[in-house]
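Take a look at the structure below.
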Amino acid sequence: MASVESSPLNELRGRSGPLGAALDPVVLLLVAAAIALLVGCLRSAFFAQLTVEGLGLGAVYGGLALALVLVYRATHVINFAQGELAMATTYVAYQLMQWGFSYWEAFVATLAIAFVLGTVLQLAVIRPVQHRSVIAAVIVTVGLFILIDGVVNWIWGGNFKFMRSPFGTASFRVGGVTIQHLYVGMIGVVLACVVLVWALFRFTKLGLGMRAAALRPAAAAFVGVRVEWMLTLGWGLAAVLGAVAGLMAEPSQLFLTPTLMQQILVYAFAAAVLGGLESPAGAVVGGLAIGVFLTLVVGYVSAIGAELQLPVAFAVLLAILLVKPSGLFGKREVKRV
Amino acid sequence: MSTRLPALGSLVVVAAVLSALPFTLSDYHVALAAQVGIFFVGVLGLNILTGYSGQISIGHGAFMAIGGYTTAIMSRDHHTNLVLTMVMAFAICFALGLILGLPALRLSGVYLALLTFALAVSVPQLPLQYSTFLGGSGGVQSSTTVSNVWLYAAAWTCSAILFALAWLVLRGRTGRALRAVRDSEIAATASGVSLPLYKTFAFGISAAYAGVAGSLFVLATNGFAQPTEFSVTLSLQLLIGAAVAGLGSLWGVLAGAAFVGLLPQVSTSVPVIGSAHGRDVVFGAMVVLVMLVLPGGFAGLFDRLRALGRA
Amino acid sequence: MAVNRKKVGALLCVLAVTAAVAGTAAASHKGTPGVTKAQITIGGTFPLTGPASLYATIPAAEQAYYAYVNAHGGVNGRKIKDIVIDDQYDPGQTPTDVQKLVEQDHVFAIVGSLGTAPGLATWGYLNQHKIPQVLLATGDAYWGNCVHRTCDKTNIKKSWTMGWQPDYPGEARLYAKYILQQNPNAKIAVLYQDDAYGKNYLAGLRTGLGSHTSQIIATQPYTVTDTAQVVGAHVGKLAQSGADTFVIFATPAAAIAALATETAIHWSPLTILNNVSANRVFMLLAAKNGASLNGVVSTGYVESQTAQPNLSGMKLAKKIIDATKNTSLETSFSEGDNNLVYGLGVAWTFVDALKHAGKNPTRASLMKALRSLNESKKNANPFVYPGMSVETSKTRTFPMEQLIFEKWAGGATGDWKTFGNVLTSGH
């Protein structure tokens with residue numbers, strides 16, 4: 001499925017130059033939305049609070065969406081188990097804290113463990129099927145979803161667990177607006193990780209190899225990139241991002257339970273599709289957009305209760321897909337017949 | 001299923017075994033057998049969509065919900081005959097499936113899967129928002145409940161009827177058209193097969209089957225239709241059943257239905273892990289193993305065995 | 001036609017499986033189910049996992065009490081075996097679990113099951129089969145009469161179903177009175193669970209407010225499976241209404257989310273919490289999540305290990321719990337967990353009724369004993385609040401009808417402080 005537009009080299013460097021990016025209608029739309037949000041925040045404290053909360057939740061959706069996109073780009077598999085894996089690694093962090101580690105020590109250790117888990121899973125159960133049949137690989141991830149959920153319930157039980165929030169329960173008061181430390185922390189940590197991942201892809205040889213393996217596996221193999229290992233690394237990295245998302249999501253849910261990531265996974269799917277399944281930037285932007293959109297809609301439209309968030313999110317997603325089927329930042333695939 | 005009708009002899013034996021079962025099993029086991037029958041109907045329908053027209057749906061639990069709620073509401077408000085409600089469920093879901101098939105035409109592969117996933121997640125939320133008519137989280141209770149034997153008979157009778165219907169539909173031109181669509185949409189169009197017609201038809205018929213399965217499903221839970229019964233897990237179970245079944249074999253669909261209907265129950269008795277979690281751990285592990293070992297599902301396995309048997 | 005070996009093989013497998021399964025069909029039972037010379041088997045459904053799993057200490061406490069009784073000879077020489085099944089507070093699951101208890105485990109009675117919706121999903125079946133469904137861990141008015149809900153169309157008398165704790169509408173009526181006493185012009189916002197449980201409370205509140213019902217300016221239902229963030233969004237909406245009184249009719253997880261959100265958005269109305277979510281343990285969890293609890297009002301009806309540690313009942317409780325250490329029943333019970341005392345109280349009542357059900361109890365004799373409970377004075381239930389009685393009769397279908405108000409003091413390490421007199425919730 002070759003794209004007819006830009007040359008492979010340009011793809012690897014990103015879009016066709018900064019100017020071309022700026023004039024893209026989608027980017028303009030996003031800039032306009034950001035300005036509108038800013039204006040709203042300045043005019044209403046309630047609006048500002050909702051926006052900050054929306055950005056915080058959206059950061060988590062975006063983080064998990066990025067994990068989904070990384071996996072999809074590399075292996076064309078939608079990993080249904082991404083959320084459960086994120087949840088499981090959050091439980092690992094919980095356990096480390098129970099054993100006496102401090103929050104941030106546990107955080108770092110968990111990211112390392114997540115990386116290992118992600119790579120092991122890819123090697124053990126995905127690699128054997130991913131080339132044979134996409135649907136088989138997808139069903140394998142569904143099986144993993146159920147399996148991981150069962151294992152977590154078995155080891156830790158399905159009851160509520162409490163984890164000390166790393167950001168505390170206090171809030172900033174800025175000119176009449178209450179901004180919880182938690183949301184600022186969520187946005188900060190997730191975006192920091194996203195930036196680190198971006199830097200990895202953009203500036204390191206390893207990152208270049210991973211991008212090449214995803215976009216042009218055959219050509220990459222020719223120049224010596226070990227494609228299979230790049231795919232495995234991609235899964236590892238996705239697991240790390242998932243772990244970050246899980247750790248940041250937990251304080252906003254007050255308790256740790258095995259259902260932590262189940263709804264978030266759904267929003268992450270929506271965000272990934274919204275952004276265009278092969279676009280990492282799109283996933284993050286999509287996540288933030290969905291988070292803000294939903295909190296604002298629920299906050300202001302009384303007919304839409306918070307239980308309708310999911311259907312609303314998907315209704316909007318569907319509308320966008322009908323207009324732009326490959327998502328906001330996706331490229332139309334042109335199939336050669 | 002195969003264009004080759006399974007030998008008449010084996011069909012007769014299956015029918016005989018099925019008729020005899022309720023008299024030999026305890027009530028609890030009859031209920032289990034009924035569950036397999038319910039999944040048989042659902043998996044059969046999804047198999048037509050996924051296996052025959054190549055469109056992935058992770059949302060057929062939503063159609064089960066619609067069918068189930070139809071039965072519960074019609075029974076609660078109008079005391080409608082239960083079998084009649086199942087026919088209504090079939091009709092309503094067929095229509096809704098056709099409607100859903102239309103936007104599905106614009107999407108393919110992953111995007112379609114996600115659209116259907118959205119459906120699976122959103123439809124169970126609707127009763128919560130419109131609780132006066134749809135019962136809210138408390139659910140809708142039908143006015144009549146049925147015994148396990150009735151359920152068993154209904155489930156397997158429906159299975160038989162719907163299997164015959166599927167065989168009739170798929171052996172002719174429709175079946176060939178659907179297979180053409182699955183193998184290559186471009187070639188199919190070039191040969192004059194109307195994509196929209198057949199793809200939406202596949203959606204409609206698979207949704208209708210899921211609707212009937214949903215009606216039976218609600219009757220199996222004491223006539224009580226509730227949002228939590230129709231979670232995403234149900235859609236995933238159907239999909240697993242269809243994938244494990246593989247293509248082109250009645251026995252495959254039976255195996256797939258038994259897999260998702262029985263295995264979770266059986267795995268509650270796994271010793272070490274304990275009942276509640278043993279179920280998920282064993283079931284999840286089995287799903288992974290089956291797909292690793294049998295990417296063509298049980299149908300693929302039976303095909304290979306058949307080939308071996310002839311060699 | 002040549003015989004296809006594969007097909008014959010498959011058919012033989014099907015037949016073999018059928019035979020094996022048929023062979024495990026259960027044998028029939030004679031005599032009272034669940035009662036043997038040496039043992040009485042009871043069972044119940046509880047949320048050990050899932051959205052209401054914060055209640056999981058209740059069945060654990062009940063089992064601890066039965067273990068204590070068994071260690072002292074049991075009842076009439078019979079030991080009590082209590083089978084606890086996890087239905088995850090899901091009324092779609094409960095019927096199957098109850099069927100399993102009845103048809104596979106052959107329990108004598110269903111005792112202590114938790115949940116209004118789960119109870120409603122199963123009472124038809126149990127009453128039809130004349131199986132006691134008693135001492136339910138829910139205060140819904142349904143267990144005592146049919147006033148708040150039109151009685152079942154099939155007219156099954158629910159005479160085999162009974163509660164234990166004070167009924168929810170009665171509790172809510174007391175809150176209504178209290179609110180009007182404190183602030184006759186109160187503007188009330190209500191967060192309630194969107195099912196029979198929550199609606200029962202809300203109806204009681206409205207009845208209690210009488211002509212002042214219009215002072216409820218905002219109500220917001222939530223679903224029990226909602227995440228904390230969604231509940232928080234609901235509370236945010238309620239805060240927007242400008243109410244100065246906030247009534248929470250919720251299960252613990254949502255109550256904690258509501259309390260935490262209240263504080264986080266700097267909304268400080270008079271807050272009233274329904275007593276099943278007012279367990280000290282839950283309040284401490286809410287405080288850990290940032291809730292400032294001082295001034296929250298609720299009611300109670302069992303003794304408190306932390307506030308009344310020297311009562312004989314509380315000393316007994318400690319003894320019973322300590323006895324579970326290093327046994328399979330050991331659970332981490334926190335000090336001050338009111339649900340622990342609740343569970344012990346329920347189990348005490350069951351044993352009391354069993355003792356009065358005759359040397360060879362039948363289901364009918366158990367019901368008779370339960371309908372003529374008299375746990376007061378010399379036979380007082382050691383775990384309920386001093387002065388409160390557990391009684392039933394022809395005119396009294398709720399074993400407990402009394403409550404005492406309490407208010408939280410002491411912040412994140414505080415406790416409930418009772419005030420006022422023991423009141424009758426009445427109905």
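As shown in the structure tokens, the chain order sets the letters A, B, ...; within each chain, residues go from 1, and ligands are also counted from 1 in the order they appear.
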Residues at most 8 Å from segment 208-213 of chain A, counting only C-alpha atoms, excluding those fewer than 4 positions away in the same chain, as a PyMOL selection string?
chain A and resi 12+74+201-204+217-221+225-227+230-231+233-234
Any chance you can output those residues with C-alpha atoms as a short mmCIF file (atom, residue, chain, number, x, y, z; two decimals), in the first residue's frame?
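Result file is again37.cif:
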```cif
data_model
loop_
_atom_site.label_atom_id
_atom_site.label_comp_id
_atom_site.auth_asym_id
_atom_site.auth_seq_id
_atom_site.Cartn_x
_atom_site.Cartn_y
_atom_site.Cartn_z
CA LEU A 12 11.16 10.05 7.55
CA ALA A 74 4.89 -1.02 13.60
CA PHE A 201 12.52 9.08 17.32
CA ARG A 202 13.81 12.33 15.94
CA PHE A 203 17.36 12.52 17.15
CA THR A 204 18.66 9.05 17.78
CA PRO A 217 10.45 -2.62 6.39
CA ALA A 218 11.93 -4.05 3.23
CA ALA A 219 14.10 -1.04 2.46
CA ALA A 220 15.14 -0.76 6.08
CA ALA A 221 16.22 -4.38 6.13
CA VAL A 225 18.07 -2.28 10.28
CA ARG A 226 17.03 -5.31 12.27
CA VAL A 227 13.35 -4.91 11.55
CA MET A 230 12.61 -2.69 16.04
CA LEU A 231 9.05 -3.95 16.16
CA LEU A 233 11.20 -2.35 20.83
CA GLY A 234 8.13 -0.54 19.64
#
```
Contacts from chain A to chain B, 8 Å maximum, only C-alpha atoms: show me the residue list as a PyMOL selection string.
chain A and resi 78+125+128-129+132-133+135-137+139-151+153-154+266+269-270+273+305+307-308+310-311+314+318+322+325+337
Among segment 66-291 of chain C, which ones does DSSP place in strand (DSSP E or B), written as a ChimeraX atom specification?
/C:75,78-86,109-111,114,133-137,161-163,188-193,216-222,245-249,270-273
Quick check: residues of chain A within 7 Å of chain C, only C-alpha atoms, returned as a ChimeraX atom specification.
/A:158-160,169,178,252-254,299,306
Just want the 12 Å neighbourhood of Gln226 of chain B, counted on only C-alpha atoms, with same-chain residues fewer than 3 positions away dropped. Output as a count of residues only.
42
Sel. of helix (DSSP H, G or I) residues, segment 298-360 of chain C, as a PyMOL selection string:
chain C and resi 312-323+338-355
Minimum-distance residue to Val77 of chain A, chosen among A:Val134, A:Val285, A:Ile304, A:Leu64 (using only C-alpha atoms):
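For Val77 of chain A, the nearest of the given residues is A:Val134.
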Compile the contact shell of segment 237-247 of chain A as a PDB file with N, CA and C atoms, in the first residue's frame: residues with an atom at most 6 Å away, counting only C-alpha atoms, same-chain residues fewer than 2 positions apart removed.
```
ATOM      1  N   VAL A  60      -3.873  11.815  29.605  1.00  0.00           N
ATOM      2  CA  VAL A  60      -3.845  10.363  29.826  1.00  0.00           C
ATOM      3  C   VAL A  60      -4.368   9.626  28.590  1.00  0.00           C
ATOM      4  N   GLY A  63      -1.715   9.779  25.996  1.00  0.00           N
ATOM      5  CA  GLY A  63      -0.580   8.912  26.270  1.00  0.00           C
ATOM      6  C   GLY A  63      -0.865   7.484  25.862  1.00  0.00           C
ATOM      7  N   LEU A  64      -2.034   6.990  26.248  1.00  0.00           N
ATOM      8  CA  LEU A  64      -2.387   5.617  25.886  1.00  0.00           C
ATOM      9  C   LEU A  64      -2.609   5.515  24.374  1.00  0.00           C
ATOM     10  N   ALA A  67       0.558   5.064  22.670  1.00  0.00           N
ATOM     11  CA  ALA A  67       1.004   3.672  22.760  1.00  0.00           C
ATOM     12  C   ALA A  67       0.332   2.826  21.679  1.00  0.00           C
ATOM     13  N   ALA A  86      -1.318  -1.514  30.867  1.00  0.00           N
ATOM     14  CA  ALA A  86      -1.054  -0.290  31.629  1.00  0.00           C
ATOM     15  C   ALA A  86      -1.554  -0.447  33.054  1.00  0.00           C
ATOM     16  N   MET A  87      -2.725  -1.043  33.191  1.00  0.00           N
ATOM     17  CA  MET A  87      -3.294  -1.253  34.520  1.00  0.00           C
ATOM     18  C   MET A  87      -2.414  -2.193  35.327  1.00  0.00           C
ATOM     19  N   THR A  89       0.767  -2.762  35.063  1.00  0.00           N
ATOM     20  CA  THR A  89       1.995  -2.115  35.498  1.00  0.00           C
ATOM     21  C   THR A  89       1.720  -1.117  36.624  1.00  0.00           C
ATOM     22  N   THR A  90       0.554  -0.518  36.633  1.00  0.00           N
ATOM     23  CA  THR A  90       0.202   0.361  37.749  1.00  0.00           C
ATOM     24  C   THR A  90       0.127  -0.442  39.046  1.00  0.00           C
ATOM     25  N   LEU A 111       8.435   1.712  35.006  1.00  0.00           N
ATOM     26  CA  LEU A 111       8.639   1.947  33.578  1.00  0.00           C
ATOM     27  C   LEU A 111       9.591   0.903  33.000  1.00  0.00           C
ATOM     28  N   ALA A 114       7.750  -2.335  32.765  1.00  0.00           N
ATOM     29  CA  ALA A 114       6.791  -2.272  31.665  1.00  0.00           C
ATOM     30  C   ALA A 114       7.481  -2.525  30.338  1.00  0.00           C
ATOM     31  N   PHE A 115       8.655  -1.932  30.174  1.00  0.00           N
ATOM     32  CA  PHE A 115       9.392  -2.116  28.935  1.00  0.00           C
ATOM     33  C   PHE A 115       9.666  -3.599  28.705  1.00  0.00           C
ATOM     34  N   GLY A 118       6.455  -5.496  27.855  1.00  0.00           N
ATOM     35  CA  GLY A 118       5.993  -5.241  26.493  1.00  0.00           C
ATOM     36  C   GLY A 118       6.793  -6.028  25.474  1.00  0.00           C
ATOM     37  N   GLY A 234       9.319  -1.366  19.712  1.00  0.00           N
ATOM     38  CA  GLY A 234       8.128  -0.538  19.639  1.00  0.00           C
ATOM     39  C   GLY A 234       7.093  -0.958  20.675  1.00  0.00           C
ATOM     40  N   TRP A 235       6.918  -2.266  20.814  1.00  0.00           N
ATOM     41  CA  TRP A 235       5.977  -2.761  21.814  1.00  0.00           C
ATOM     42  C   TRP A 235       6.446  -2.404  23.222  1.00  0.00           C
ATOM     43  N   ALA A 249      -3.390   8.125  35.516  1.00  0.00           N
ATOM     44  CA  ALA A 249      -4.849   8.010  35.578  1.00  0.00           C
ATOM     45  C   ALA A 249      -5.313   7.662  36.981  1.00  0.00           C
ATOM     46  N   GLU A 250      -4.530   6.872  37.686  1.00  0.00           N
ATOM     47  CA  GLU A 250      -4.998   6.337  38.965  1.00  0.00           C
ATOM     48  C   GLU A 250      -5.422   7.412  39.961  1.00  0.00           C
TER      49      GLU A 250
END
```
From the list C:Gln99, C:Ser425, C:Gln39, C:Ser298, which residue is nearest chain B when using only C-alpha atoms?
C:Gln99
Pick from B:Phe224, B:Phe298, B:Phe40, B:Tyr130, whichever lies nearest to chain C using only C-alpha atoms
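Nearest candidate to chain C out of B:Phe224, B:Phe298, B:Phe40, B:Tyr130: B:Phe224.
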Select, from C:Ala71, C:Leu293, C:Val224, C:Leu174, the residue with the minimum atom-to-atom distance to chain B, counting only C-alpha atoms.
C:Val224
So which residues touch Leu120 of chain C within 10 Å, counting only C-alpha atoms, skipping near sequence neighbours fewer than 2 positions away, as a list in words?
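Contacts, in chain order: Gly138 of chain B; Pro91, Thr94, Pro95, Gly115, Thr116, Ala117, Pro118, Thr122, Trp123, Gly124, Tyr125, Asp140, Tyr142, Trp143 and Ala196 of chain C.
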Residues from the last selection, C-alpha atoms, saved as an mmCIF file, in the first residue's frame:
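Below is the file that was written, selection_3.cif:
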```cif
data_model
loop_
_atom_site.group_PDB
_atom_site.id
_atom_site.type_symbol
_atom_site.label_atom_id
_atom_site.label_comp_id
_atom_site.auth_asym_id
_atom_site.auth_seq_id
_atom_site.Cartn_x
_atom_site.Cartn_y
_atom_site.Cartn_z
ATOM 1 C CA GLY B 138 -32.252 -1.399 37.202
ATOM 2 C CA PRO C 91 -28.158 -8.022 39.607
ATOM 3 C CA THR C 94 -27.000 -12.679 41.198
ATOM 4 C CA PRO C 95 -29.805 -14.953 39.962
ATOM 5 C CA GLY C 115 -27.614 -5.251 47.645
ATOM 6 C CA THR C 116 -31.051 -3.919 46.858
ATOM 7 C CA ALA C 117 -31.034 -4.613 43.137
ATOM 8 C CA PRO C 118 -29.496 -8.071 43.588
ATOM 9 C CA THR C 122 -33.841 -12.957 43.186
ATOM 10 C CA TRP C 123 -36.738 -12.600 45.565
ATOM 11 C CA GLY C 124 -39.278 -13.972 43.125
ATOM 12 C CA TYR C 125 -37.354 -17.177 42.664
ATOM 13 C CA ASP C 140 -34.945 -1.050 51.308
ATOM 14 C CA TYR C 142 -39.504 -3.469 50.035
ATOM 15 C CA TRP C 143 -38.409 -5.992 52.569
ATOM 16 C CA ALA C 196 -34.046 1.006 43.374
#
```
